[in-house]
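Below is one structure; the comments refer to it alone.
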Amino acid sequence: MDVKLLLISTLLGVFCYKGNECINANARFCGECIQAGANCGWCKDPDFLKQGETVSTRCDELPSLIKRGCQEAMIENPRGQQRVLKNKPVTNRKKGAEELRPEDITQIQPQKLSLTLRSGEPQSFKLKFKRAEDYPIDLYYLMDLSYSMKDDLENVKNLGTSLMLEMSKITSDFRIGFGSFVEKTVMPYISTTPAKLLNPCTGDQNCTSPFSYKNVLKLTNDGKKFNTLVGQQHISGNLDSPEGGFDAIMQVAVCGDQIGWRNVTRLLVFSTDAGFHFAGDGKLGGIVLPNDGKCHLENNVYTMSHYYSLSSEVILENSKLPEGVTIAYTSRCKNGVISEGENGRKCSNISIGDEVYFTISVTSKGCPKPNKPETIKIKPLGFTEEVEITLHFICECECHKEGVQNSQLCHYGNGTYECGACKCNEGRVGRQCECSSNDVATEDMDRTCRKDNGTDICSNNGDCVCGTCECKKRDNPEERYSGKYCECDNFNCDRSGNKLCGGHGRCECRVCICDPNWTGSACDCSLDNSMCMASNKQICNGRGICECGTCKCTDPKFQGPTCETCPTCPGVCTEHKECVQCRAFDTGEMKEKCEQQCGYFKMIKVKDRDKLPQPNDASYPVVHCKGRDANDCWFYYTYAVNNDTEKVVHVVDMLDCPAGPDIIPIVAGVVAGIVLIGLALLLIWKLLMIIHDRREFAKFEKEKMNAKWDTGENPIYKSAVTTVVNPKYEEK
C-alpha cells in the first residue's frame, strides 16, 4: 500500500508541477541566473554543491537555497532601485498673481528620475499632473474660405472675435493667430484655367484666387490686429465637395517658428462646413507621395499641397521603449476613479486646478544588448512638459566584479572563477573546466561513471561529463538526484501521513534524517512526552504508556489521547444526561444553553432500542444509559469514545412515556361500586332490623307468658268503646 501511495504521489508531482523559472533557466553563471526572474538567487558558497549536482543548481528561489543549506549572506540577489533626480512641485497660483515665464510653470511632477531594473522586477513611481491656473495659451484659428462657406463667413468672422474675448477671461497670457485654407491647387480639385485661377467664382462675384493654406496672422497678443484681419477675409472656390483642411492642420502643427508656437498650451480651432479628403484621394491629381510631416510655408503660403496626401482629456504617451521593456499605467482620476490597462493612461473631465495621479510601472525582461543606459520620456498628450527616465539594467551580480580570469581553480586557467564557480572558457566543460568539449564522451570516461562496474551510466539518473556524473534535474525543483553515481535522491524516503519523512525530517540519499525529538524510518515517532501528559500531570493518566507521542492505554476501561476517558465508569450516564436530553428532544435544564455547552459529542439517532450499539459489537467500550424527563417519560441512549477519540452518543429518537388511564371503565367501576356498596348496606340494615324485630318479639312473648294478671282483673283497665245516646232520636 505504501509503495502505491508513493508512486501515485510521485506521478502527481510530475504531472502537476511545471518547475520554476530559476531551475528551468539552466544558468551557467550568476548573471544568467538573476536575469531568469526576480525571485532567482545564486549561491556563491564554493562548498554548496553536492556530489553529482550541476553548476546550474546554484540558481534557485531564495527559500529553496536557504533550505538546502546556503547561508543568506552567500546568496547573490541584487534588487532594482529608483532615484528622483528632479522633483519640482507643481505650480499653485491664481489668475492675476505674479507673472511667471512659461518655463517656470510646472504641471507634471516629478520631472526626471533614474530607474535601475532587475529582470522581472517592476519599478513603480507616482506621477502627479495638475492643470495650472492662468497657464499661458496659444490659440490658432484655422478658417475654411471655400465657396461653400459664403453663407457662414460673417458668423465665422464674429466667432473669431468672440473666441479672443472668452479666452482672455481664462488666462492673462493669451496669444492668438489666424490662417485659412481652400483646396489643393491642382485638377480635379480646382479649375486650372487662367481666368478661374484669378477668380474661381462665377458671374459677377469677386473671389480670392484658390490656395491650399495661408498663414494670415502669426500668434500675437494684439487682439485688434486679429479682428481686423479676420474681417478682411474673402471666400475662394474649388470644384469638389471635400476640402484640403488636413493639409492646413499638418502645416499648422509642424511650422512652429512661422506660426509662433511657444512651449505652452496649444489650441487649434478648425472652422469648416465640409468634409475632408481621405488618404489616397490625391491620386486623382497625380499626387502619390505621403506627407513628410515637414513645414512647407513660403511667405506664409503652403507650397507643397500638390505633392502630398494625409493618412480634451489628459492622456499619457511614452517614447519608444527599449527591447524587453514594458510600461503599465494605473490612473487615479477625479472622485477616486481608478483605471488600469489602456484606460490607465488617461483621465477625463479635468478642469483647471484639478490634480490627478498616475502609477507607472516599468519592467524589463532579460538584459538589452548592448548593456548601456537607455532614456525614455513620458508626457501628457498635447503638452510640452515631460518626465525623463533613465534606465539602468542589472545584468551581472556584484560578485562578478571579483572574478579571477584564467584562474588555477578552473583546471589550470581554463576559465574564470567568479561567484563560487568556474565560468569555463570557450571549448571547455566540466565543473572545473577540466575537459575539452570535443572529448567529453569516451569509453574510458564512461567507465568511471558506472557504479560497481555495472551497466548503468550514472544509475540512469544523470549524464557522464568528463568522467564525472552530472545528475539530471527533476521537474519539481525540490527533488534532486545526487551522489558520485547519481545513486542518491531526496524524494524516495519513507513517508508518513502522505508526507516525506512525516514532515519532520529531510531525505538524504533515500534515508530520513529526522529533526530533533523525532525518530523512526519515516520520522513519525515523536520523542516529546508533552502530548501524553494528562490533566493530573501524569503520563497517560498513570493508566498507559507513551509511545511516539501517543498514549497506549493499559487499562481497557480507559481510552482517549491521555487515557482519561472512561465511558463505562459510574456517573457517565448522569454526566451526559442533560446534554443528550436537550440535543435529542429540545427539553431539560440545558435547553437554553444547549448549543454552547453540549456540542462536545457526536449524536446519532436510532429508531428503537434494538438499534443501539451493543458492547460486544463495538471495538471500544459502550455504556447503556436511560434518563427520565419532567413528564415521567424515559429516553434511552449509549455513550462511547471510539478509536479516533471521538465521543459518540446513540439515542432512541422516541420517548417511552407511561400510558394514560381509561376513563369509561373507571367511571363504570365507581358507579357499580357505589351501587353495590349501597345494596350491601341496605341488606345489612334489613338483616339487622329482622334480627332486632325477632329479638323484641321473643322478649314480648316471654314477658307475656310470665304475666300474673289478665285484662278482666286490671284495675286501671278502661274500655276503649264509648256509647253516646242522641236524645232527639226516636225509634220507629
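Identifiers in this document derive from the order of the C-alpha cells: chains are assigned A, B, ..., residues are numbered from 1 separately in each chain, and ligands are numbered from 1 in order of occurrence.
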Every residue of region 596-710 of chain A that DSSP places in alpha helix (DSSP H), as a PyMOL selection string: chain A and resi 596-597+663-705
May I have the residues from that selection written out with N, CA and C atoms, as a compact mmCIF listing (two decimals), in the first residue's frame?
# COMPACT_ATOMS: atom_id res chain seq x y z
N GLN A 596 -24.28 26.03 23.27
CA GLN A 596 -22.97 26.47 23.72
C GLN A 596 -22.21 25.38 24.49
N GLN A 597 -22.91 24.57 25.25
CA GLN A 597 -22.23 23.68 26.18
C GLN A 597 -22.37 22.19 25.85
N ILE A 663 -60.94 6.19 31.04
CA ILE A 663 -61.95 6.88 31.86
C ILE A 663 -63.24 6.07 32.00
N ILE A 664 -63.72 5.48 30.92
CA ILE A 664 -65.04 4.79 30.95
C ILE A 664 -65.06 3.64 31.95
N PRO A 665 -64.05 2.75 31.90
CA PRO A 665 -64.09 1.67 32.89
C PRO A 665 -64.00 2.19 34.31
N ILE A 666 -63.22 3.25 34.49
CA ILE A 666 -63.09 3.79 35.85
C ILE A 666 -64.43 4.33 36.35
N VAL A 667 -65.11 5.11 35.49
CA VAL A 667 -66.41 5.66 35.89
C VAL A 667 -67.42 4.55 36.14
N ALA A 668 -67.44 3.57 35.22
CA ALA A 668 -68.37 2.45 35.39
C ALA A 668 -68.09 1.68 36.67
N GLY A 669 -66.80 1.50 36.95
CA GLY A 669 -66.42 0.79 38.17
C GLY A 669 -66.84 1.54 39.41
N VAL A 670 -66.63 2.87 39.36
CA VAL A 670 -67.01 3.67 40.53
C VAL A 670 -68.52 3.60 40.76
N VAL A 671 -69.28 3.78 39.66
CA VAL A 671 -70.75 3.73 39.79
C VAL A 671 -71.20 2.36 40.29
N ALA A 672 -70.63 1.31 39.69
CA ALA A 672 -71.00 -0.04 40.12
C ALA A 672 -70.64 -0.27 41.58
N GLY A 673 -69.49 0.26 41.97
CA GLY A 673 -69.06 0.10 43.35
C GLY A 673 -70.01 0.78 44.32
N ILE A 674 -70.41 2.01 43.92
CA ILE A 674 -71.34 2.74 44.79
C ILE A 674 -72.66 1.97 44.94
N VAL A 675 -73.16 1.47 43.81
CA VAL A 675 -74.43 0.72 43.84
C VAL A 675 -74.31 -0.53 44.70
N LEU A 676 -73.21 -1.24 44.48
CA LEU A 676 -73.01 -2.48 45.24
C LEU A 676 -72.86 -2.18 46.73
N ILE A 677 -72.13 -1.15 47.03
CA ILE A 677 -71.97 -0.80 48.45
C ILE A 677 -73.31 -0.42 49.06
N GLY A 678 -74.14 0.34 48.30
CA GLY A 678 -75.47 0.73 48.78
C GLY A 678 -76.36 -0.48 49.05
N LEU A 679 -76.33 -1.39 48.06
CA LEU A 679 -77.12 -2.61 48.23
C LEU A 679 -76.65 -3.41 49.43
N ALA A 680 -75.33 -3.46 49.55
CA ALA A 680 -74.77 -4.22 50.68
C ALA A 680 -75.19 -3.58 52.01
N LEU A 681 -75.10 -2.28 52.07
CA LEU A 681 -75.50 -1.59 53.30
C LEU A 681 -76.99 -1.78 53.59
N LEU A 682 -77.83 -1.72 52.51
CA LEU A 682 -79.27 -1.92 52.68
C LEU A 682 -79.60 -3.32 53.20
N LEU A 683 -78.91 -4.30 52.63
CA LEU A 683 -79.12 -5.68 53.07
C LEU A 683 -78.70 -5.86 54.52
N ILE A 684 -77.56 -5.26 54.83
CA ILE A 684 -77.10 -5.37 56.22
C ILE A 684 -78.11 -4.74 57.17
N TRP A 685 -78.57 -3.52 56.73
CA TRP A 685 -79.58 -2.85 57.58
C TRP A 685 -80.83 -3.69 57.74
N LYS A 686 -81.31 -4.26 56.64
CA LYS A 686 -82.50 -5.11 56.67
C LYS A 686 -82.30 -6.32 57.57
N LEU A 687 -81.12 -6.89 57.45
CA LEU A 687 -80.81 -8.07 58.26
C LEU A 687 -80.80 -7.71 59.74
N LEU A 688 -80.17 -6.58 60.02
CA LEU A 688 -80.13 -6.13 61.41
C LEU A 688 -81.52 -5.85 61.95
N MET A 689 -82.39 -5.24 61.13
CA MET A 689 -83.75 -4.94 61.55
C MET A 689 -84.53 -6.22 61.82
N ILE A 690 -84.35 -7.22 60.98
CA ILE A 690 -85.04 -8.51 61.17
C ILE A 690 -84.59 -9.14 62.48
N ILE A 691 -83.29 -9.12 62.67
CA ILE A 691 -82.76 -9.71 63.91
C ILE A 691 -83.30 -8.96 65.12
N HIS A 692 -83.31 -7.62 65.01
CA HIS A 692 -83.79 -6.79 66.11
C HIS A 692 -85.26 -7.06 66.38
N ASP A 693 -86.09 -7.15 65.30
CA ASP A 693 -87.53 -7.39 65.48
C ASP A 693 -87.77 -8.76 66.11
N ARG A 694 -87.04 -9.74 65.68
CA ARG A 694 -87.23 -11.07 66.22
C ARG A 694 -86.86 -11.11 67.70
N ARG A 695 -85.81 -10.42 68.02
CA ARG A 695 -85.42 -10.38 69.43
C ARG A 695 -86.50 -9.70 70.28
N GLU A 696 -87.07 -8.61 69.78
CA GLU A 696 -88.11 -7.88 70.52
C GLU A 696 -89.39 -8.74 70.65
N PHE A 697 -89.74 -9.44 69.58
CA PHE A 697 -90.94 -10.27 69.65
C PHE A 697 -90.77 -11.41 70.63
N ALA A 698 -89.60 -12.00 70.62
CA ALA A 698 -89.32 -13.09 71.55
C ALA A 698 -89.38 -12.58 73.00
N LYS A 699 -88.85 -11.39 73.19
CA LYS A 699 -88.89 -10.79 74.52
C LYS A 699 -90.32 -10.55 74.94
N PHE A 700 -91.18 -10.10 74.00
CA PHE A 700 -92.59 -9.84 74.29
C PHE A 700 -93.32 -11.11 74.68
N GLU A 701 -93.03 -12.11 73.91
CA GLU A 701 -93.69 -13.38 74.18
C GLU A 701 -93.29 -13.90 75.55
N LYS A 702 -92.06 -13.73 75.86
CA LYS A 702 -91.57 -14.20 77.16
C LYS A 702 -92.23 -13.44 78.29
N GLU A 703 -92.34 -12.16 78.14
CA GLU A 703 -92.96 -11.34 79.17
C GLU A 703 -94.45 -11.65 79.29
N LYS A 704 -95.05 -11.96 78.17
CA LYS A 704 -96.49 -12.28 78.18
C LYS A 704 -96.75 -13.55 78.96
N MET A 705 -95.90 -14.49 78.77
CA MET A 705 -96.08 -15.76 79.44
C MET A 705 -95.86 -15.59 80.94
Residue neighbourhood region 321-324 of chain A, 12 Å, only C-alpha atoms, exclusion window fewer than 2 positions, as a PyMOL selection string: chain A and resi 35+117-120+317-319+326-327+362-378+389-393
Point-to-point distance from CA of Glu578 (chain A) to CA of Asn541 (chain A), Å rounded to tenths: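 Taking CA of Glu578 (chain A) as the start and CA of Asn541 (chain A) as the end point, the length is 27.1 Å.
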Members of region 27-178 of chain A assigned strand (DSSP E) by DSSP, as number ranges by chain: A: 40-43, 59-61, 75-76, 81-86, 108-109, 112-117, 123-130, 137-144, 174-178
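Proximity to Gln109 (chain A) was assessed for A:Arg266, A:Lys218, A:Lys379, A:Lys591 counting only C-alpha atoms; the smallest distance is recorded for A:Lys379.
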Distance in Å - CA of Arg450 (chain A) versus CA of Lys50 (chain A): 18.2 Å
Proximity to Lys472 (chain A) - best of A:Leu127, A:Thr568, A:Ser459, A:Tyr600, only C-alpha atoms: A:Ser459
Ile350 (chain A) environment, 10 Å, only C-alpha atoms, sequence neighbours closer than 6 positions dropped, as an MDAnalysis selection string: chainID A and resid 130:131 312:314 333:334 356
Write a file of the just-selected residues containing all heavy atoms, as a CSV table (one decimal), in the first residue's frame.
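Result file follows (selection_21.csv):
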chain,number,residue,atom,x,y,z
A,130,LYS,N,-1.2,68.4,-12.6
A,130,LYS,CA,-2.2,69.4,-12.2
A,130,LYS,C,-2.2,70.5,-13.3
A,130,LYS,O,-1.2,71.1,-13.6
A,130,LYS,CB,-1.7,70.0,-10.9
A,130,LYS,CG,-2.7,71.1,-10.4
A,130,LYS,CD,-2.3,71.7,-9.0
A,130,LYS,CE,-3.3,72.7,-8.6
A,130,LYS,NZ,-2.9,73.3,-7.3
A,131,ARG,N,-3.4,70.7,-13.8
A,131,ARG,CA,-3.6,71.8,-14.8
A,131,ARG,C,-3.5,73.1,-14.1
A,131,ARG,O,-4.4,73.5,-13.3
A,131,ARG,CB,-5.0,71.6,-15.4
A,131,ARG,CG,-5.2,72.6,-16.6
A,131,ARG,CD,-4.2,72.3,-17.8
A,131,ARG,NE,-4.4,73.3,-18.8
A,131,ARG,CZ,-5.2,73.2,-19.8
A,131,ARG,NH1,-6.0,72.1,-19.9
A,131,ARG,NH2,-5.3,74.1,-20.8
A,312,SER,N,-10.9,67.1,-24.7
A,312,SER,CA,-9.6,67.0,-24.1
A,312,SER,C,-9.8,66.5,-22.6
A,312,SER,O,-10.5,66.8,-21.8
A,312,SER,CB,-9.0,68.4,-24.2
A,312,SER,OG,-7.8,68.4,-23.5
A,313,GLU,N,-8.9,65.6,-22.8
A,313,GLU,CA,-8.6,64.8,-21.6
A,313,GLU,C,-7.1,64.7,-21.4
A,313,GLU,O,-6.3,65.0,-22.4
A,313,GLU,CB,-9.2,63.4,-21.6
A,313,GLU,CG,-8.8,62.7,-22.9
A,313,GLU,CD,-9.7,61.4,-23.1
A,313,GLU,OE1,-10.4,61.1,-22.2
A,313,GLU,OE2,-9.6,60.8,-24.2
A,314,VAL,N,-6.6,64.2,-20.3
A,314,VAL,CA,-5.1,64.1,-20.1
A,314,VAL,C,-4.8,62.6,-20.5
A,314,VAL,O,-5.3,61.7,-19.8
A,314,VAL,CB,-4.7,64.3,-18.6
A,314,VAL,CG1,-3.2,64.1,-18.4
A,314,VAL,CG2,-5.1,65.7,-18.2
A,333,CYS,N,-8.1,59.1,-11.0
A,333,CYS,CA,-8.7,60.4,-11.5
A,333,CYS,C,-9.6,61.0,-10.5
A,333,CYS,O,-9.6,60.7,-9.3
A,333,CYS,CB,-9.4,60.1,-12.8
A,333,CYS,SG,-8.4,59.3,-14.1
A,334,LYS,N,-10.4,62.0,-11.0
A,334,LYS,CA,-11.3,62.7,-10.1
A,334,LYS,C,-12.3,61.7,-9.5
A,334,LYS,O,-12.6,60.7,-10.0
A,334,LYS,CB,-12.0,63.8,-10.9
A,334,LYS,CG,-11.1,64.9,-11.3
A,334,LYS,CD,-11.9,65.9,-12.2
A,334,LYS,CE,-13.0,66.6,-11.5
A,334,LYS,NZ,-13.7,67.6,-12.3
A,356,VAL,N,-4.5,65.0,-10.7
A,356,VAL,CA,-4.8,63.6,-10.9
A,356,VAL,C,-3.4,62.9,-10.8
A,356,VAL,O,-2.3,63.5,-10.9
A,356,VAL,CB,-5.4,63.3,-12.3
A,356,VAL,CG1,-6.8,63.8,-12.4
A,356,VAL,CG2,-4.5,63.9,-13.4
Shortest interatomic distance to Asn215 (chain A) - which of A:Pro615, A:Gly256, A:Gly231, A:Pro102, counting only C-alpha atoms: A:Gly256
